[in-house]
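Engineer: Below: one structure in structure tokens.
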Amino acid sequence: MSVELNDPVQLADEFKVAFDNIKSEIHKAVIGQEDIIDLLLISLFSRGHCVLVGVPGLAKTLLIRTLADSLNLSFNRIQFTPDLMPGDITGTEVIEENVDKGTKEFKFIKGPIFANIVLADEINRTPPKTQAALLEGMQEYHVTASGTTYDLDTPFFVLATQNPIEQEGTYPLPEAQLDRFMFNIWVDYPSFEEEKQIVSQTTSRQEININSTLDREKIKQLQALVRDVPVPDSVLDYAVRLVGMTRPDSDLAPDYIKKYMSWGAGPRASQYLILGGKARALSKGRYNVTEDDIKALAVPVLRHRIVNNYAAEAEGYTTIKIIERLLEDVN
């Protein structure tokens with residue numbers, strides 16, 4: 001369904017105000033994590049999805065729930081476990097008696113995927129078949145049960161979490177499925193001062209009230225606006241060239257990529273760099289995308305889309321180091 005836009009310049013100004021207001025509300029409950037909040041909002045307004053990687057206790061769930069509250073959107077949390085079935089996510093059909101007709105009929109009971117914001121907690125703890133049920137909804141914006149298609153509510157935003165330190169009993173997402181996530185976001189430990197504020201705030205009687213700043217129709221308006229932001233040819237060339245350089249069999253690839261990479265990023269990376277760049281530009285009060293926007297998003301967009309080989313691991317060449325070196329070399 002198309003969304004009618006107001007004056008684009010006026011709406012662009014509204015975008016920055018809305019972006020800042022949402023951040024202010026989130027910071028009532030979440031200390032620090034400035035860059036992470038920016039990336040979540042950029043992904044939301046770009047109609048993307050995110051994977052958050054971090055150890056337990058870093059307020060990932062609190063951050064996502066607070067985001068939902070600040071946007072007045074429905075929120076569901078799915079705890080992924082080894083025994084979770086696809087129907088536990090998408091929904092199941094049950095037999096229901098029709099008293100008037102004296103017959104029994106099948107009725108579809110919607111699962112937790114039917115929400116505006118879905119937290120897929122520890123997505124790598126469930127088998128691939130169940131992971132695929134969520135990922136299909138992310139890609140197609142609908143689910144199918146017994147041959148019937150059910151549309152998901154929009155805006156639809158999935159945030160999946162993974163624990164980087166517990167690998168037993170996990171089913172890591174294949175690269176092809178990880179590619180459906182716009183950003184791979186690393187959630188790090190807070191600084192000393194931030195942790196003091198966290199402890200002080202969470203061990204007192206202080207009540208936090210989160211105000212809703214946007215409704216779903218305004219969010220869809222702003223999402224549509226992101227698509228209308230112009231991109232200079234030079235910036236488009238920059239983004240596509242950067243992604244092309246990650247591919248070891250490409251003519252654009254430098255020697256160290258051919259030596260250290262198993263494979264590089266696909267076209268979806270270029271798409272997300274440009275879309276994210278558009279949303280980031282609007283969040284900064286600008287109406288055009290620059291190379292700095294692309295550089296700022298390169299790591300979260302590319303980190304889960306490139307795979308290094310044994311030679312890279314042996315020499316300590318992580319994907320982050322490779323991306324940073326590419327940013328120095330791309331022109």
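Within each chain, counting starts at residue 1; across the structure tokens, chains are named A, B, ... in the order shown, with ligands numbered 1 upward in that order.
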Near Asp233 of chain A, within 12 Å and counting only C-alpha atoms, which residues show up once chain neighbours fewer than 4 positions away are dropped, as JSON, numbers by chain?
Structural biologist: {"A": [237, 238, 239, 240, 241, 274, 288, 289, 290, 291]}
Engineer: Store the residues picked out above, limited to C-alpha atoms, as a JSON list (two decimals), in the first residue's frame.
Structural biologist:
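The resulting file, part_25.json, is shown below:
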[["chain", "number", "residue", "atom", "x", "y", "z"],
["A", 237, "ASP", "CA", 29.89, 4.24, -7.42],
["A", 238, "TYR", "CA", 31.71, 4.34, -4.08],
["A", 239, "ALA", "CA", 29.27, 1.94, -2.39],
["A", 240, "VAL", "CA", 29.17, -0.55, -5.28],
["A", 241, "ARG", "CA", 32.96, -0.42, -5.69],
["A", 274, "ILE", "CA", 22.69, 3.09, 0.01],
["A", 288, "ASN", "CA", 21.79, 14.09, 0.30],
["A", 289, "VAL", "CA", 23.99, 11.06, 0.90],
["A", 290, "THR", "CA", 27.76, 11.37, 1.19],
["A", 291, "GLU", "CA", 30.65, 8.90, 1.21]]
Engineer: In segment 52-86 of chain A, what's helix (DSSP H, G or I) per DSSP? Answer as a PyMOL selection string?
Structural biologist: chain A and resi 60-71+86
Engineer: Restricting the calculation to only C-alpha atoms: of A:Arg247, A:Gln10, A:Thr319, A:His27, which residue gets closest to Pro300 of chain A?
Structural biologist: A:Thr319
Engineer: Hey, what's within 9 Å of Leu58 of chain A if we count only C-alpha atoms and toss same-chain stuff fewer than 4 positions away? As a list in words, please?
Structural biologist: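 In the requested format, the answer is Gly54, Leu62, Val187, Asp188, Tyr189 and Pro190 of chain A.
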Engineer: Restricting the output to C-alpha atoms, write the selected residues as an mmCIF file, in the first residue's frame.
Structural biologist:
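Written output follows (again_37.cif):
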data_model
loop_
_atom_site.group_PDB
_atom_site.id
_atom_site.type_symbol
_atom_site.label_atom_id
_atom_site.label_comp_id
_atom_site.auth_asym_id
_atom_site.auth_seq_id
_atom_site.Cartn_x
_atom_site.Cartn_y
_atom_site.Cartn_z
ATOM 1 C CA GLY A 54 26.617 -9.535 22.681
ATOM 2 C CA LEU A 62 15.364 -3.690 27.313
ATOM 3 C CA VAL A 187 26.854 -4.818 21.609
ATOM 4 C CA ASP A 188 29.902 -4.185 23.784
ATOM 5 C CA TYR A 189 30.341 -3.721 27.532
ATOM 6 C CA PRO A 190 29.504 -0.263 28.915
#
Engineer: Can I get the residues of segment 8-65 of chain A within 12 Å of segment 118-139 of chain A, each with the closest pair of atoms and their distance in Å to one decimal, using only C-alpha atoms, sorted chain first then ascending number, as JSON lines?
Structural biologist:
{"residue": "A:Leu44", "atom": "CA", "partner": "A:Val118", "partner_atom": "CA", "distance": 12.0}
{"residue": "A:Arg47", "atom": "CA", "partner": "A:Met138", "partner_atom": "CA", "distance": 10.0}
{"residue": "A:Gly48", "atom": "CA", "partner": "A:Met138", "partner_atom": "CA", "distance": 8.8}
{"residue": "A:His49", "atom": "CA", "partner": "A:Met138", "partner_atom": "CA", "distance": 7.8}
{"residue": "A:Cys50", "atom": "CA", "partner": "A:Leu119", "partner_atom": "CA", "distance": 9.9}
{"residue": "A:Val51", "atom": "CA", "partner": "A:Ala120", "partner_atom": "CA", "distance": 9.1}
{"residue": "A:Leu52", "atom": "CA", "partner": "A:Asp121", "partner_atom": "CA", "distance": 9.5}
{"residue": "A:Val53", "atom": "CA", "partner": "A:Glu122", "partner_atom": "CA", "distance": 9.3}
{"residue": "A:Gly54", "atom": "CA", "partner": "A:Glu122", "partner_atom": "CA", "distance": 10.3}
{"residue": "A:Val55", "atom": "CA", "partner": "A:Glu122", "partner_atom": "CA", "distance": 10.7}
{"residue": "A:Pro56", "atom": "CA", "partner": "A:Glu122", "partner_atom": "CA", "distance": 10.1}
{"residue": "A:Lys60", "atom": "CA", "partner": "A:Asp121", "partner_atom": "CA", "distance": 9.3}
{"residue": "A:Thr61", "atom": "CA", "partner": "A:Leu119", "partner_atom": "CA", "distance": 7.6}
{"residue": "A:Leu62", "atom": "CA", "partner": "A:Leu119", "partner_atom": "CA", "distance": 10.5}
{"residue": "A:Leu63", "atom": "CA", "partner": "A:Leu119", "partner_atom": "CA", "distance": 10.5}
{"residue": "A:Ile64", "atom": "CA", "partner": "A:Leu119", "partner_atom": "CA", "distance": 7.3}
{"residue": "A:Arg65", "atom": "CA", "partner": "A:Leu119", "partner_atom": "CA", "distance": 8.5}
Engineer: With only C-alpha atoms as the basis for distance, which of A:Phe181, A:Ile22, A:Pro267, A:Val229 is at the shortest distance from Asp69 of chain A?
Structural biologist: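 Checking each candidate against Asp69 of chain A, we get A:Ile22 as the closest.
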Engineer: From the options A:Gly147, A:Gly244, A:Pro254, A:Gly32, which residue's atoms come nearest to Ser270 of chain A, counting only C-alpha atoms?
Structural biologist: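 That would be A:Gly244, the residue with the smallest distance to Ser270 of chain A.
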Engineer: If you run DSSP on the backbone here, which positions in segment 21-84 of chain A get strand (DSSP E or B)? Please write them as a PyMOL selection string.
Structural biologist: chain A and resi 50-53+75-79
Engineer: As an exercise, work out the distance from atom CA of Pro174 of chain A to atom CA of Leu302 of chain A in Å and give it to one decimal place.
Structural biologist: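 Computing it gives 15.0 Å between the two atoms.
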Engineer: Give me the residues within 9 Å of Tyr141 of chain A as JSON, numbers by chain, counting only C-alpha atoms and dropping any in the same chain fewer than 4 places off.
Structural biologist: {"A": [136, 137, 150, 151, 152, 153, 154, 156]}
Engineer: Could you check the closest approach to His304 of chain A for each of A:Ala176, A:Val231, A:Val226, A:Ala253 and tell me which residue wins, using only C-alpha atoms?
Structural biologist: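 Looking only at the distances to His304 of chain A, the closest residue turns out to be A:Ala176.
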Engineer: Pick the closest to Tyr287 of chain A from A:Ala312, A:Gln271, A:Val143, A:Leu225: which is it, counting only C-alpha atoms?
Structural biologist: A:Leu225
Engineer: Choose the residue, out of A:Ser262, A:Asn21, A:Ser74, A:Thr318, that has the smallest atom-to-atom separation from Leu41 of chain A; count only C-alpha atoms.
Structural biologist: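 Checking each of A:Ser262, A:Asn21, A:Ser74, A:Thr318 against Leu41 of chain A, counting only C-alpha atoms, the winner is A:Asn21.
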